[in-house]
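Undergrad: First the structure, which I've put down as structure tokens, then a few questions once you've had a look.
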Amino acid sequence: MTPWLVIVLLLGNFVLMAFSAKTDGGPRIVRVWSQTAADFVQSPVTTIGSAISNYFGSISNMRSAQSENDFLKQRVQELEVEIKGNEDLTSENARLRSLLELKEKSKYKVLTARIIGRDPSVWFDSSIISRGSLDGIKLNMPVVTDGGLVGRVTAVSPLTAQVDLITRDKSGLGAVVGEISASNVLGVVSGTSKKDVLEMRYVSGSVDVQPGQIVYTTGQDGIYPAGLKVGEIVEVKTGSATVQHQIFIRPSAGINSMQEVGILIYEAPQRIEFEQKLPNAVKEEKK
Amino acid sequence: MDQVKITIALIIAILLQWTLRNIAEPLAYIDFPLIIVVYAALQRDALKAIFFGTFAGLAVDALSGGLLGSNGFSKTLIAYMVSELARRVYMDNLLLRIPVIAGACLLDDLVYYGMHRLLSQDPVGNVLINISYTLIGTTIVGTVVYLFLDFLLVERARSKKREMFPNRRQTRRRNPIRLSK
């Protein structure tokens, strides 16, 4: 009896795995209900955990408070002088902005969320955030920090959502080195097996790419909007006319240390389905 | 009663696995559900251990970025193997359980990683480092948890102890002063 049961359960799990691998995320209903159940535990534990951590952090900070106090008094005087200079610059900046009619407003509405859970398996690095479908979160919405792009929403429950990071090897996004209007160095950025390195592929070996350049999204992948900062190039294995560059990027979002993220309320435009049938190939129905 | 206690322990283990990584990253290297699944398997109840393995694995997979069913697969397999081993070999000694939890952890990680590679998924991080840290963390915490669970659950052992070391029978002293006669 028991061996048969084991075989049935193993087969069941294997079918789930295969389905999950094929559909990129698998049966969402299981994840949605689990996330909803886990939220009742994760949110309080995260809140209590961070409160305790802050408490002990503040105690340890008090030890060095005395020496810091003297240093800070001196620093305050310096900053007061600096602030005066900055106020002048700010007013000058405001005047110039009004002259140039620049708009600083973000194109998309941003919803902030707390990270309430991390991937329970050490092998992956997805995160659970404290916003769900009740807040208007939908699948594939881009997630960012003030540093840059973090990833996208891959599962949504009423109260929480799961975010897959751009560092995952199966992730991919259209990217350009430099501003999209000023550069034609296009490629695809995907994760590597390392947690803090991305790789940019399909960049022609004949174009000039240097470490230190910034990589942005192109908006052509049907998920992310254009112009989001992805990261900075840290290494380029130079190609040739026939061999592509191998470009490694450090994500600018500070993925390992983020506590809060923003979700862009952005839905990619629908792709146009091209007519695939040739008009000449349509056979007339026989009467 | 023991069954209820182990089930509660499994639920607590799953909740810990869901939450502890957010508090401190190194706690992710401890596989709490595996510890309880192996403990259940060591009780020689294969059926319960197998269901525990599947349930715990799927619960972890549901919140993970990995393939749904991969932990369920590996933990079901481990539960069956350990329960079969426990049926054949006497392993009620804590010292014997340490290599069992270490071996189970190693095998669980290898099966999990292997299944992902088989289905063209590439987990993040260095395989050797992940496996080594998980092995160390799970083995140490598992040993402590087993000590604690043995203390909580083994009522039979206590009764055996009572049989082996019975209290000295109290004989009633005769009252030297007799009131009558």
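Convention: chains lettered A, B, ... in structure tokens order; per-chain residue numbering from 1; ligands numbered from 1 as shown.
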Identify all chain B residues at most 6 Å from chain A by counting only C-alpha atoms; ligands do not count. Present them as a ChimeraX atom specification.
TA: /B:17-19,22,28,62,64-65,67-69,73,123-125
Undergrad: Using only C-alpha atoms, please write the residues we just selected to a file, as a PDB file, in the first residue's frame.
TA:
```
ATOM      1  CA  GLN B  17      10.133  28.600   7.399  1.00  0.00           C
ATOM      2  CA  TRP B  18       7.739  31.180   5.928  1.00  0.00           C
ATOM      3  CA  THR B  19       8.743  33.984   8.268  1.00  0.00           C
ATOM      4  CA  ASN B  22      12.651  38.014   6.617  1.00  0.00           C
ATOM      5  CA  ALA B  28      16.959  30.456   5.602  1.00  0.00           C
ATOM      6  CA  ALA B  62       3.706  27.787  -2.559  1.00  0.00           C
ATOM      7  CA  SER B  64       8.812  30.075  -3.072  1.00  0.00           C
ATOM      8  CA  GLY B  65       9.984  31.226  -6.469  1.00  0.00           C
ATOM      9  CA  LEU B  67       8.813  25.034  -9.055  1.00  0.00           C
ATOM     10  CA  LEU B  68       5.590  24.105  -7.303  1.00  0.00           C
ATOM     11  CA  GLY B  69       5.943  20.485  -6.203  1.00  0.00           C
ATOM     12  CA  PHE B  73       8.691  15.622  -4.320  1.00  0.00           C
ATOM     13  CA  PRO B 123      18.386  28.211  -8.848  1.00  0.00           C
ATOM     14  CA  VAL B 124      20.337  31.256  -7.693  1.00  0.00           C
ATOM     15  CA  GLY B 125      23.464  31.105  -5.552  1.00  0.00           C
TER      16      GLY B 125
END
```
Undergrad: Env of Met200 (chain A): 7 Å cut, atoms = only C-alpha atoms, seq-sep filter 5 positions within chain, self excluded. Answer as a PyMOL selection string.
TA: chain A and resi 187-190+246-248
Undergrad: Taking N, CA and C atoms for each residue, export the selection above as a compact mmCIF listing (two decimals), in the first residue's frame.
TA:
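What follows is the written file again.txt:
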```
# COMPACT_ATOMS: atom_id res chain seq x y z
N GLY A 187 19.74 45.30 -26.16
CA GLY A 187 19.99 43.91 -25.79
C GLY A 187 18.94 43.41 -24.84
N VAL A 188 19.15 42.22 -24.33
CA VAL A 188 18.22 41.61 -23.38
C VAL A 188 18.98 41.37 -22.07
N VAL A 189 18.42 41.89 -20.96
CA VAL A 189 19.04 41.69 -19.66
C VAL A 189 18.34 40.54 -18.95
N SER A 190 19.13 39.60 -18.45
CA SER A 190 18.53 38.50 -17.69
C SER A 190 19.40 38.21 -16.47
N GLN A 246 29.87 40.32 -24.05
CA GLN A 246 29.28 39.72 -22.85
C GLN A 246 29.34 40.81 -21.78
N ILE A 247 28.18 41.31 -21.38
CA ILE A 247 28.14 42.48 -20.51
C ILE A 247 27.52 42.09 -19.16
N PHE A 248 28.21 42.45 -18.08
CA PHE A 248 27.68 42.16 -16.74
C PHE A 248 27.28 43.47 -16.06
```
Undergrad: If you count only C-alpha atoms, which residues fall within 8 Å of Tyr108 (chain A), apart from same-chain ones fewer than 2 positions away, as an mmCIF file with N, CA and C atoms, in the first residue's frame?
TA:
```cif
data_model
loop_
_atom_site.group_PDB
_atom_site.id
_atom_site.type_symbol
_atom_site.label_atom_id
_atom_site.label_comp_id
_atom_site.auth_asym_id
_atom_site.auth_seq_id
_atom_site.Cartn_x
_atom_site.Cartn_y
_atom_site.Cartn_z
ATOM 1 N N SER A 106 6.122 61.951 -12.165
ATOM 2 C CA SER A 106 6.284 60.609 -12.733
ATOM 3 C C SER A 106 5.114 60.308 -13.652
ATOM 4 N N VAL A 110 2.494 55.438 -8.455
ATOM 5 C CA VAL A 110 3.342 54.502 -7.701
ATOM 6 C C VAL A 110 2.664 54.155 -6.384
ATOM 7 N N LEU A 264 4.627 50.124 -9.819
ATOM 8 C CA LEU A 264 4.129 51.050 -10.838
ATOM 9 C C LEU A 264 2.791 50.532 -11.349
ATOM 10 N N ILE A 265 1.773 51.369 -11.239
ATOM 11 C CA ILE A 265 0.461 50.971 -11.762
ATOM 12 C C ILE A 265 0.512 51.165 -13.272
ATOM 13 N N TYR A 266 1.101 50.185 -13.900
ATOM 14 C CA TYR A 266 1.353 50.269 -15.344
ATOM 15 C C TYR A 266 0.967 48.944 -15.981
#
```
Undergrad: Closest to Glu267 (chain A) among A:Lys138, A:Lys237, A:Arg131, A:Arg201, using only C-alpha atoms?
TA: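 Comparing A:Lys138, A:Lys237, A:Arg131, A:Arg201 against Glu267 (chain A), the winner is A:Lys138.
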Undergrad: As number ranges by chain, please: all residues of chain B that backbone DSSP puts in alpha helix (DSSP H).
TA: B: 2-23, 32-42, 46-62, 70-88, 94-118, 127-153, 155-164
Undergrad: Find the residue from A:Met62, A:Ala161, A:Val234, A:Ile137 that sits nearest to Glu199 (chain A); use only C-alpha atoms when measuring.
TA: A:Val234
Undergrad: Can you pull out every residue within 10 Å of region 128-134 of chain B, counting only C-alpha atoms, but drop anything in the same chain fewer than 2 positions away, and send it as JSON, numbers by chain?
TA: {"A": [122, 123], "B": [26, 27, 28, 29, 30, 31, 102, 105, 106, 107, 108, 109, 110, 113, 124, 125, 126, 136, 137, 138, 139, 140]}
Undergrad: Could you work out how far CA of Leu228 (chain A) lies from CA of Val150 (chain A), giving the answer in Å with one decimal?
TA: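 Interatomic distance, CA of Val150 (chain A) to CA of Leu228 (chain A): 10.0 Å.
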Undergrad: Using only C-alpha atoms, which of the listed residues (A:Ser252, A:Thr217, A:Gln74, A:Thr23) sits closest to Val177 (chain A)?
TA: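 Of A:Ser252, A:Thr217, A:Gln74, A:Thr23, the one nearest Val177 (chain A) is A:Thr217, counting only C-alpha atoms.
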Undergrad: Between B:Glu25, B:Asp61, B:Thr54, B:Arg97, single out the one closest to Val38 (chain B), counting only C-alpha atoms.
TA: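 Ranked by minimum distance to Val38 (chain B), first place goes to B:Arg97.
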Undergrad: Could you tell me how far CA of Ser70 (chain B) lies from CA of Phe55 (chain B), in Å and to one decimal?
TA: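 Distance between the two atoms: 11.8 Å.
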Undergrad: Between CA of Gly172 (chain A) and CA of Asp221 (chain A), measure the distance and give it in Å to one decimal.
TA: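 CA of Asp221 (chain A) lies 8.4 Å from CA of Gly172 (chain A).
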Undergrad: For Asn184 (chain A), find every residue with an atom within 10 Å (counting only C-alpha atoms), except residues of its own chain fewer than 5 positions away, and show them as a PyMOL selection string.
TA: chain A and resi 176-179+203+207
Undergrad: Write the residues you've just listed into a file as a short mmCIF file (atom, residue, chain, number, x, y, z; two decimals), in the first residue's frame, and include C-alpha atoms for each of them.
TA:
```cif
data_model
loop_
_atom_site.label_atom_id
_atom_site.label_comp_id
_atom_site.auth_asym_id
_atom_site.auth_seq_id
_atom_site.Cartn_x
_atom_site.Cartn_y
_atom_site.Cartn_z
CA VAL A 176 19.48 49.78 -23.78
CA VAL A 177 22.88 51.11 -22.74
CA GLY A 178 22.40 54.83 -22.09
CA GLU A 179 19.30 56.87 -22.81
CA VAL A 203 24.66 43.21 -27.98
CA VAL A 207 29.46 48.76 -30.86
#
```
Undergrad: Applying 10 Å and only C-alpha atoms, which residues near Phe52 (chain B) remain after dropping the ones on its own chain fewer than 3 positions away? List them as a PDB file with N, CA and C atoms, in the first residue's frame.
TA:
```
ATOM      1  N   ILE B   6       2.949  16.118  17.054  1.00  0.00           N
ATOM      2  CA  ILE B   6       3.855  16.186  15.895  1.00  0.00           C
ATOM      3  C   ILE B   6       3.227  17.030  14.787  1.00  0.00           C
ATOM      4  N   THR B   7       1.912  16.912  14.613  1.00  0.00           N
ATOM      5  CA  THR B   7       1.242  17.736  13.594  1.00  0.00           C
ATOM      6  C   THR B   7       1.385  19.216  13.928  1.00  0.00           C
ATOM      7  N   LEU B  10       4.791  20.308  13.084  1.00  0.00           N
ATOM      8  CA  LEU B  10       4.974  20.504  11.635  1.00  0.00           C
ATOM      9  C   LEU B  10       4.419  21.857  11.199  1.00  0.00           C
ATOM     10  N   ILE B  11       3.252  22.207  11.702  1.00  0.00           N
ATOM     11  CA  ILE B  11       2.640  23.487  11.331  1.00  0.00           C
ATOM     12  C   ILE B  11       3.531  24.646  11.802  1.00  0.00           C
ATOM     13  N   PRO B  33      10.798  22.299   8.193  1.00  0.00           N
ATOM     14  CA  PRO B  33       9.855  21.221   7.857  1.00  0.00           C
ATOM     15  C   PRO B  33      10.545  19.870   7.681  1.00  0.00           C
ATOM     16  N   LEU B  34      11.756  19.878   7.081  1.00  0.00           N
ATOM     17  CA  LEU B  34      12.471  18.611   6.876  1.00  0.00           C
ATOM     18  C   LEU B  34      12.785  17.945   8.224  1.00  0.00           C
ATOM     19  N   ILE B  36      11.095  18.050  10.982  1.00  0.00           N
ATOM     20  CA  ILE B  36       9.897  17.411  11.536  1.00  0.00           C
ATOM     21  C   ILE B  36       9.483  16.196  10.700  1.00  0.00           C
ATOM     22  N   VAL B  37       9.631  16.325   9.377  1.00  0.00           N
ATOM     23  CA  VAL B  37       9.280  15.191   8.502  1.00  0.00           C
ATOM     24  C   VAL B  37      10.160  13.984   8.836  1.00  0.00           C
ATOM     25  N   VAL B  38      11.453  14.208   9.022  1.00  0.00           N
ATOM     26  CA  VAL B  38      12.368  13.106   9.355  1.00  0.00           C
ATOM     27  C   VAL B  38      12.025  12.545  10.740  1.00  0.00           C
ATOM     28  N   ALA B  40       9.081  12.490  12.126  1.00  0.00           N
ATOM     29  CA  ALA B  40       7.860  11.679  11.961  1.00  0.00           C
ATOM     30  C   ALA B  40       8.204  10.339  11.319  1.00  0.00           C
ATOM     31  N   ALA B  41       9.117  10.368  10.346  1.00  0.00           N
ATOM     32  CA  ALA B  41       9.509   9.128   9.666  1.00  0.00           C
ATOM     33  C   ALA B  41      10.232   8.185  10.624  1.00  0.00           C
ATOM     34  N   ALA B  46       5.139   5.151   8.299  1.00  0.00           N
ATOM     35  CA  ALA B  46       5.489   5.619   6.958  1.00  0.00           C
ATOM     36  C   ALA B  46       4.383   6.481   6.359  1.00  0.00           C
ATOM     37  N   LEU B  47       3.154   6.065   6.559  1.00  0.00           N
ATOM     38  CA  LEU B  47       2.015   6.760   5.943  1.00  0.00           C
ATOM     39  C   LEU B  47       1.962   8.227   6.396  1.00  0.00           C
ATOM     40  N   LYS B  48       2.066   8.405   7.708  1.00  0.00           N
ATOM     41  CA  LYS B  48       2.003   9.757   8.263  1.00  0.00           C
ATOM     42  C   LYS B  48       3.195  10.590   7.756  1.00  0.00           C
ATOM     43  N   ALA B  49       4.361   9.956   7.759  1.00  0.00           N
ATOM     44  CA  ALA B  49       5.566  10.687   7.335  1.00  0.00           C
ATOM     45  C   ALA B  49       5.454  11.134   5.885  1.00  0.00           C
ATOM     46  N   PHE B  55       2.811  17.505   2.296  1.00  0.00           N
ATOM     47  CA  PHE B  55       2.136  18.723   2.763  1.00  0.00           C
ATOM     48  C   PHE B  55       3.151  19.834   3.056  1.00  0.00           C
ATOM     49  N   ALA B  56       4.190  19.475   3.790  1.00  0.00           N
ATOM     50  CA  ALA B  56       5.197  20.484   4.167  1.00  0.00           C
ATOM     51  C   ALA B  56       5.913  21.022   2.929  1.00  0.00           C
ATOM     52  N   GLY B  57       6.249  20.115   2.006  1.00  0.00           N
ATOM     53  CA  GLY B  57       6.948  20.536   0.783  1.00  0.00           C
ATOM     54  C   GLY B  57       6.115  21.489  -0.045  1.00  0.00           C
ATOM     55  N   LEU B  58       4.839  21.144  -0.220  1.00  0.00           N
ATOM     56  CA  LEU B  58       3.976  22.010  -1.032  1.00  0.00           C
ATOM     57  C   LEU B  58       3.758  23.360  -0.359  1.00  0.00           C
ATOM     58  N   GLY B  72       7.845  19.253  -2.414  1.00  0.00           N
ATOM     59  CA  GLY B  72       6.913  18.154  -2.119  1.00  0.00           C
ATOM     60  C   GLY B  72       7.496  16.836  -2.573  1.00  0.00           C
ATOM     61  N   LYS B  75      10.724  15.913  -0.340  1.00  0.00           N
ATOM     62  CA  LYS B  75      10.416  15.577   1.061  1.00  0.00           C
ATOM     63  C   LYS B  75       9.588  14.292   1.163  1.00  0.00           C
ATOM     64  N   THR B  76       8.731  14.039   0.174  1.00  0.00           N
ATOM     65  CA  THR B  76       7.986  12.773   0.160  1.00  0.00           C
ATOM     66  C   THR B  76       8.967  11.606   0.039  1.00  0.00           C
ATOM     67  N   ALA B  79      10.925  11.186   3.268  1.00  0.00           N
ATOM     68  CA  ALA B  79      10.080  10.618   4.325  1.00  0.00           C
ATOM     69  C   ALA B  79       9.957   9.111   4.146  1.00  0.00           C
TER      70      ALA B  79
END
```
